[in-house]
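**Student:** Structure: input.cif, mmCIF, C-alpha atoms.
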data_start
loop_
_atom_site.label_atom_id
_atom_site.label_comp_id
_atom_site.auth_asym_id
_atom_site.auth_seq_id
_atom_site.Cartn_x
_atom_site.Cartn_y
_atom_site.Cartn_z
CA GLY A 267 -2.51 3.08 -14.31
CA PHE A 268 -5.29 0.85 -15.51
CA ASP A 269 -4.60 1.46 -19.22
CA MET A 270 -0.97 0.37 -18.84
CA LEU A 271 -2.10 -2.78 -17.02
CA LYS A 272 -4.67 -3.52 -19.71
CA THR A 273 -2.12 -3.04 -22.49
CA ALA A 274 0.45 -5.26 -20.77
CA LEU A 275 -2.08 -8.06 -20.36
CA GLU A 276 -3.63 -7.75 -23.82
CA GLN A 277 -0.24 -7.68 -25.55
CA SER A 278 1.27 -10.45 -23.39
CA LEU A 279 4.07 -8.18 -22.17
CA LEU A 280 4.52 -9.95 -18.83
CA ALA A 281 7.77 -11.74 -18.14
CA PRO A 282 7.60 -15.54 -18.04
CA GLY A 283 6.85 -16.88 -14.58
CA VAL A 284 4.74 -13.92 -13.40
CA THR A 285 1.99 -15.28 -11.16
CA ALA A 286 0.51 -12.09 -9.69
CA ILE A 287 -0.11 -8.45 -10.57
CA LEU A 288 -0.08 -5.52 -8.13
CA TYR A 289 -2.34 -2.57 -8.91
CA ASP A 290 -0.76 0.32 -6.97
CA TYR A 291 -2.97 3.39 -7.18
CA GLU A 292 -2.04 6.62 -5.50
CA LYS A 293 -2.25 10.39 -5.79
CA TRP A 294 0.69 10.69 -8.15
CA LYS A 295 1.41 11.10 -11.84
CA PHE A 296 1.39 7.34 -12.45
CA THR A 297 -2.32 6.99 -11.60
CA PRO A 298 -4.64 8.99 -13.87
CA VAL A 299 -6.92 11.41 -12.01
CA GLU A 300 -10.08 9.55 -13.05
CA GLU A 301 -8.70 6.43 -11.34
CA GLN A 302 -7.84 8.43 -8.23
CA LEU A 303 -11.40 9.74 -8.06
CA ASN A 304 -13.05 6.36 -8.69
CA PRO A 305 -10.68 3.72 -7.34
CA ALA A 306 -13.44 1.18 -6.60
CA GLY A 307 -14.52 1.02 -10.24
CA TYR A 308 -11.01 0.66 -11.55
CA VAL A 309 -10.03 -1.96 -8.97
CA ARG A 310 -12.93 -4.12 -10.11
CA GLN A 311 -11.97 -3.75 -13.78
CA ALA A 312 -8.30 -4.43 -13.04
CA ALA A 313 -9.21 -7.53 -11.02
CA ASP A 314 -11.35 -8.86 -13.86
CA LEU A 315 -8.50 -8.41 -16.36
CA VAL A 316 -5.89 -10.01 -14.10
CA ARG A 317 -8.05 -12.95 -13.08
CA ALA A 318 -8.98 -13.62 -16.72
CA GLN A 319 -5.25 -14.36 -17.21
CA GLY A 320 -5.26 -16.82 -14.29
CA LEU A 321 -3.11 -14.51 -12.14
CA ARG A 322 -3.44 -13.44 -8.50
CA PHE A 323 -4.56 -9.85 -7.98
CA LEU A 324 -2.95 -7.60 -5.35
CA THR A 325 -4.01 -4.04 -4.55
CA SER A 326 -2.11 -1.30 -2.78
CA PRO A 327 -4.27 1.82 -2.39
CA SER A 328 -2.29 4.67 -0.92
CA ALA A 329 -3.62 6.75 1.94
CA ASN A 330 -2.83 9.84 -0.13
CA LEU A 331 -5.92 9.09 -2.27
CA VAL A 332 -7.77 10.90 0.49
CA LYS A 333 -6.30 14.17 -0.78
CA VAL A 334 -8.24 13.67 -4.02
CA MET A 335 -11.39 12.00 -2.72
CA ALA A 336 -11.84 14.22 0.37
CA PRO A 337 -9.61 17.26 -0.22
CA ARG A 338 -10.64 19.05 2.98
CA THR A 339 -9.15 16.31 5.14
CA GLY A 340 -6.55 17.49 7.65
CA LYS A 341 -2.86 16.84 7.13
CA SER A 342 -1.98 14.61 10.08
CA ASP A 343 -1.56 10.89 9.49
CA ALA A 344 -4.40 10.17 11.92
CA GLU A 345 -6.79 12.48 10.03
CA ILE A 346 -5.78 11.01 6.66
CA PHE A 347 -6.20 7.45 7.93
CA ALA A 348 -9.61 8.24 9.46
CA ALA A 349 -10.81 9.64 6.14
CA TYR A 350 -9.40 6.62 4.27
CA LEU A 351 -11.40 4.29 6.49
CA ARG A 352 -14.52 6.48 6.32
CA LEU A 353 -14.33 6.43 2.51
CA GLY A 354 -14.11 2.62 2.57
CA ILE A 355 -10.94 2.51 0.48
CA ALA A 356 -9.68 -0.69 2.17
CA ALA A 357 -13.04 -2.39 1.63
CA ASP A 358 -13.18 -1.37 -2.03
CA ALA A 359 -9.64 -2.67 -2.54
CA ALA A 360 -10.22 -5.98 -0.78
CA ARG A 361 -13.58 -6.76 -2.35
CA HIS A 362 -11.93 -7.88 -5.61
CA ALA A 363 -8.41 -8.75 -4.45
CA ASP A 364 -6.50 -11.80 -3.33
CA VAL A 365 -4.13 -9.56 -1.33
CA VAL A 366 -4.51 -5.98 -0.13
CA VAL A 367 -1.72 -3.82 1.25
CA VAL A 368 -2.57 -1.41 4.07
CA GLN A 369 -0.09 1.36 3.32
CA ALA A 370 0.46 2.58 6.88
CA GLN A 371 4.21 3.11 6.55
CA ARG A 372 3.97 6.91 6.57
CA SER A 373 3.16 6.69 10.32
CA LEU A 374 5.98 4.40 11.44
CA GLN A 375 7.30 7.07 13.80
CA ASP A 376 4.02 6.87 15.78
CA THR A 377 3.40 3.25 16.74
CA ASP A 378 -0.11 3.95 18.07
CA VAL A 379 -1.27 5.61 14.84
CA PHE A 380 0.35 2.86 12.73
CA SER A 381 -1.22 0.12 14.84
CA ASP A 382 -4.67 1.68 14.87
CA PHE A 383 -4.72 2.11 11.10
CA VAL A 384 -3.44 -1.40 10.37
CA HIS A 385 -5.97 -2.94 12.77
CA GLN A 386 -8.89 -0.96 11.35
CA GLY A 387 -7.77 -1.30 7.73
CA ALA A 388 -7.37 -5.07 8.08
CA ALA A 389 -10.78 -5.37 9.74
CA GLN A 390 -12.44 -3.29 7.00
CA ALA A 391 -10.75 -5.31 4.26
CA ARG A 392 -11.76 -8.66 5.77
CA ALA A 393 -15.33 -7.49 6.38
CA ALA A 394 -15.57 -6.84 2.62
CA ASN A 395 -13.78 -10.07 1.68
CA PRO A 396 -13.12 -12.67 4.39
CA GLU A 397 -10.74 -14.54 2.06
CA VAL A 398 -8.41 -11.59 1.37
CA GLU A 399 -4.85 -11.68 2.65
CA VAL A 400 -3.82 -8.44 4.36
CA ILE A 401 -0.27 -7.12 4.20
CA ALA A 402 0.95 -4.06 6.11
CA GLY A 403 3.34 -1.63 4.49
CA LEU A 404 6.74 -0.90 6.01
CA SER A 405 9.45 1.40 4.68
CA THR A 406 13.01 2.35 5.51
CA ASN A 407 12.33 5.99 4.48
CA PRO A 408 8.56 6.58 4.19
CA ILE A 409 7.81 9.73 2.18
CA GLY A 410 11.22 11.04 3.14
CA ARG A 411 10.72 10.58 6.89
CA CYS A 412 13.62 9.11 8.82
CA VAL A 413 12.77 5.95 10.73
CA THR A 414 14.81 3.46 12.71
CA ALA A 415 14.90 -0.30 12.94
CA ASP A 416 13.30 0.12 16.38
CA ASP A 417 10.33 1.93 14.78
CA LEU A 418 9.77 -0.91 12.33
CA VAL A 419 10.20 -3.66 14.90
CA ARG A 420 7.67 -1.96 17.21
CA ALA A 421 5.23 -1.65 14.29
CA ILE A 422 5.55 -5.35 13.54
CA GLU A 423 5.15 -6.33 17.19
CA VAL A 424 1.83 -4.47 17.55
CA THR A 425 0.31 -5.68 14.27
CA ARG A 426 1.68 -9.15 13.56
CA GLU A 427 -1.47 -10.87 14.84
CA VAL A 428 -3.83 -8.95 12.51
CA VAL A 429 -1.95 -9.22 9.21
CA ASP A 430 -0.75 -12.06 7.02
CA GLY A 431 2.60 -10.45 6.37
CA TYR A 432 4.50 -7.28 5.54
CA TRP A 433 5.67 -5.45 2.47
CA MET A 434 9.10 -3.89 3.02
CA ASN A 435 9.82 -0.88 0.83
CA ILE A 436 13.48 0.13 0.61
CA PRO A 437 13.10 3.18 -1.60
CA THR A 438 15.68 5.10 -3.55
CA ARG A 439 15.14 8.61 -4.85
CA ASN A 440 13.46 8.32 -8.27
CA ASP A 441 10.28 9.36 -10.09
CA TYR A 442 8.22 7.02 -7.90
CA SER A 443 9.78 8.24 -4.65
CA PRO A 444 10.91 11.86 -5.13
CA ASP A 445 10.85 12.69 -1.40
CA ILE A 446 13.32 10.00 -0.36
CA THR A 447 16.25 11.39 1.59
CA GLU A 448 18.29 8.24 2.24
CA TYR A 449 18.71 4.77 0.77
CA ARG A 450 18.71 2.56 3.88
CA PRO A 451 18.79 -1.19 3.16
CA ASP A 452 20.71 -1.57 6.43
CA ILE A 453 17.50 -0.76 8.35
CA ALA A 454 15.60 -3.53 6.54
CA ILE A 455 18.41 -6.02 7.18
CA GLU A 456 18.45 -5.13 10.88
CA VAL A 457 14.66 -5.50 11.13
CA ILE A 458 14.69 -8.89 9.42
CA ARG A 459 17.56 -10.05 11.65
CA ARG A 460 15.70 -9.00 14.78
CA VAL A 461 12.26 -10.28 13.78
CA VAL A 462 13.22 -13.51 12.04
CA GLY A 463 16.48 -14.19 13.84
CA GLY A 464 19.80 -15.19 12.43
#
Output the structure of this file as C-alpha cells.
**Tutor:**
Amino acid sequence: GFDMLKTALEQSLLAPGVTAILYDYEKWKFTPVEEQLNPAGYVRQAADLVRAQGLRFLTSPSANLVKVMAPRTGKSDAEIFAAYLRLGIAADAARHADVVVVQAQRSLQDTDVFSDFVHQGAAQARAANPEVEVIAGLSTNPIGRCVTADDLVRAIEVTREVVDGYWMNIPTRNDYSPDITEYRPDIAIEVIRRVVGG
C-alpha cells in the first residue's frame, strides 16, 4: 500500500539501481481499504513521492477494484471491465503515471472481451495523459483460470497496435496469488518464441 511505499522511499530502502516504482493497487489485503475506495487520490500522492526521488512511476490498477467502488456490478469480465471504464480507473491511473498497466489478463480465454477492454482502457488512459505508456497484462494462469499459449498469442495479435508492450505474469501459488492452480513458465516461453521468434 501507499504507507509501505512512503516508508521505503523515506528510509531509502530501495535496492541500488532501481529506476522505477510500480504502485499495484487491488482489492486484496495488500491494499488498504481506504486506498481501494479512493485510488485516484492515492495514485497522485504515490506519483508525487516517486517522482520526488527522480524515479519513473508505473501504476497497475486491478479490475477487481470495481468490487469495492461499485459493489453491485455483475460478475462477468465484460461487466467488470465496463464498470472499470465507467469509473474512470484507467484515466485516474494514467493521469499521474509514466506507465499504466491495463490488467485485462483475467479475460484471456475470451479474445473479444480482452481486446475490447485493452482498446478502451488504452484510449481512456491516453485521453487523460497523451504521454503515458500503456502496457497490457498477460498471465499464464490468471486468477486460477487455465489458459493456453494460443490464448495469449491471439490476445497479443489483436492488441499489439494499441499498446506499448506487455507485462507477462507467471504466477505461483502464494499470498499474492492464492487462486493459482498451476505454475506454467512453459506457456510464457512458448508465447515469446512464437511472437518474437527464435
**Student:** Taking 4 positions as the minimum chain separation for residues in the same chain, which residues sit within 10 Å of Arg317 in chain A when counting only C-alpha atoms? Answer as an mmCIF file with C-alpha atoms, keeping the file's coordinate frame.
**Tutor:**
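Written out: part-v9.cif:
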data_model
loop_
_atom_site.group_PDB
_atom_site.id
_atom_site.type_symbol
_atom_site.label_atom_id
_atom_site.label_comp_id
_atom_site.auth_asym_id
_atom_site.auth_seq_id
_atom_site.Cartn_x
_atom_site.Cartn_y
_atom_site.Cartn_z
ATOM 1 C CA ALA A 286 0.510 -12.090 -9.690
ATOM 2 C CA ILE A 287 -0.110 -8.450 -10.570
ATOM 3 C CA ALA A 312 -8.300 -4.430 -13.040
ATOM 4 C CA ALA A 313 -9.210 -7.530 -11.020
ATOM 5 C CA LEU A 321 -3.110 -14.510 -12.140
ATOM 6 C CA ARG A 322 -3.440 -13.440 -8.500
ATOM 7 C CA PHE A 323 -4.560 -9.850 -7.980
ATOM 8 C CA HIS A 362 -11.930 -7.880 -5.610
ATOM 9 C CA ALA A 363 -8.410 -8.750 -4.450
ATOM 10 C CA ASP A 364 -6.500 -11.800 -3.330
#
**Student:** When distances are computed from only C-alpha atoms, which of A:Asn407, A:Gln311, A:Gln369, A:Thr414 shows the smallest separation from Asp445 in chain A?
**Tutor:**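 Closest to Asp445 in chain A of all the choices is A:Asn407.
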**Student:** Please compute the CA of Val368 in chain A-CA of Gly283 in chain A distance, one decimal, in Å.
**Tutor:**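 We find that CA of Val368 in chain A and CA of Gly283 in chain A lie 26.0 Å from each other.
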**Student:** Compare A:Thr377, A:Leu324, A:Asn440, A:Lys293 by their minimum atom-to-atom distance to Pro337 in chain A, counting only C-alpha atoms, and give me the closest one.
**Tutor:**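 Smallest separation from Pro337 in chain A among the options: A:Lys293.
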**Student:** Closest to Val316 in chain A among A:Arg411, A:Lys272, A:Arg450, A:Arg372, using all atoms listed in the file?
**Tutor:** A:Lys272
**Student:** Just how far from CA of Leu374 in chain A is CA of Ala349 in chain A, in Å to one decimal?
**Tutor:**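 Separation between CA of Ala349 in chain A and CA of Leu374 in chain A: 18.4 Å.
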**Student:** If the PyMOL selection byres ((chain A and resi 268) around 10) is run on the structure shown, which residues does it catch, given as a PyMOL selection string?
**Tutor:** chain A and resi 267+269-274+289-291+296-298+301+308-309+311-312+315
**Student:** At what distance in Å, to one decimal, does CA of Phe347 in chain A lie from CA of Arg426 in chain A?
**Tutor:**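 These two atoms are separated by 19.2 Å.
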**Student:** Carefully work through the PyMOL selection byres ((chain A and resi 329) around 10) for this structure and note down the residues it includes, as a list of chain:residue names.
**Tutor:** A:Tyr291, A:Glu292, A:Lys293, A:Ser326, A:Pro327, A:Ser328, A:Asn330, A:Leu331, A:Val332, A:Lys333, A:Asp343, A:Ile346, A:Phe347, A:Ala348, A:Ala349, A:Tyr350, A:Leu351, A:Ile355, A:Ala356, A:Val368, A:Gln369, A:Ala370, A:Gln371, A:Arg372
**Student:** Give me the residues within 8 Å of Ala388 in chain A as a ChimeraX atom specification, counting only C-alpha atoms and dropping any in the same chain fewer than 4 places off.
**Tutor:** /A:356,368,384,392,400,428-429
**Student:** Of the candidates A:Gln319, A:Ala389, A:Gly403, A:Ser381, which one gets nearest to Tyr432 in chain A if we count only C-alpha atoms?
**Tutor:**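 For Tyr432 in chain A, the nearest of the given residues is A:Gly403.
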**Student:** Here is a test: counting only C-alpha atoms, which residue of A:Cys412, A:Phe383, A:Leu418, A:Val367 is nearest to Ala344 in chain A?
**Tutor:**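 Among A:Cys412, A:Phe383, A:Leu418, A:Val367, it is A:Phe383 that comes nearest to Ala344 in chain A.
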**Student:** From the options A:Val365, A:Ala391, A:Ala360, A:Val379, which residue's atoms come nearest to Gly431 in chain A, counting all atoms listed in the file?
**Tutor:**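 The shortest atom-to-atom distance to Gly431 in chain A comes from A:Val365.
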**Student:** Convert the output of the PyMOL selection byres ((chain A and resi 451) around 10) on the shown file into explicit residues, formatted as a list of chain:residue names.
**Tutor:**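 So the PyMOL selection byres ((chain A and resi 451) around 10), applied here, picks out A:Ser405, A:Thr406, A:Asn407, A:Asn435, A:Ile436, A:Pro437, A:Thr438, A:Glu448, A:Tyr449, A:Arg450, A:Asp452, A:Ile453, A:Ala454, A:Ile455, A:Glu456, A:Val457.
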**Student:** I need the chosen residues saved as a PDB file, in the frame of the given file, with C-alpha atoms.
**Tutor:**
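For reference, part34.pdb as written:
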ATOM      1  CA  SER A 405       9.450   1.400   4.680  1.00  0.00           C
ATOM      2  CA  THR A 406      13.010   2.350   5.510  1.00  0.00           C
ATOM      3  CA  ASN A 407      12.330   5.990   4.480  1.00  0.00           C
ATOM      4  CA  ASN A 435       9.820  -0.880   0.830  1.00  0.00           C
ATOM      5  CA  ILE A 436      13.480   0.130   0.610  1.00  0.00           C
ATOM      6  CA  PRO A 437      13.100   3.180  -1.600  1.00  0.00           C
ATOM      7  CA  THR A 438      15.680   5.100  -3.550  1.00  0.00           C
ATOM      8  CA  GLU A 448      18.290   8.240   2.240  1.00  0.00           C
ATOM      9  CA  TYR A 449      18.710   4.770   0.770  1.00  0.00           C
ATOM     10  CA  ARG A 450      18.710   2.560   3.880  1.00  0.00           C
ATOM     11  CA  ASP A 452      20.710  -1.570   6.430  1.00  0.00           C
ATOM     12  CA  ILE A 453      17.500  -0.760   8.350  1.00  0.00           C
ATOM     13  CA  ALA A 454      15.600  -3.530   6.540  1.00  0.00           C
ATOM     14  CA  ILE A 455      18.410  -6.020   7.180  1.00  0.00           C
ATOM     15  CA  GLU A 456      18.450  -5.130  10.880  1.00  0.00           C
ATOM     16  CA  VAL A 457      14.660  -5.500  11.130  1.00  0.00           C
TER      17      VAL A 457
END
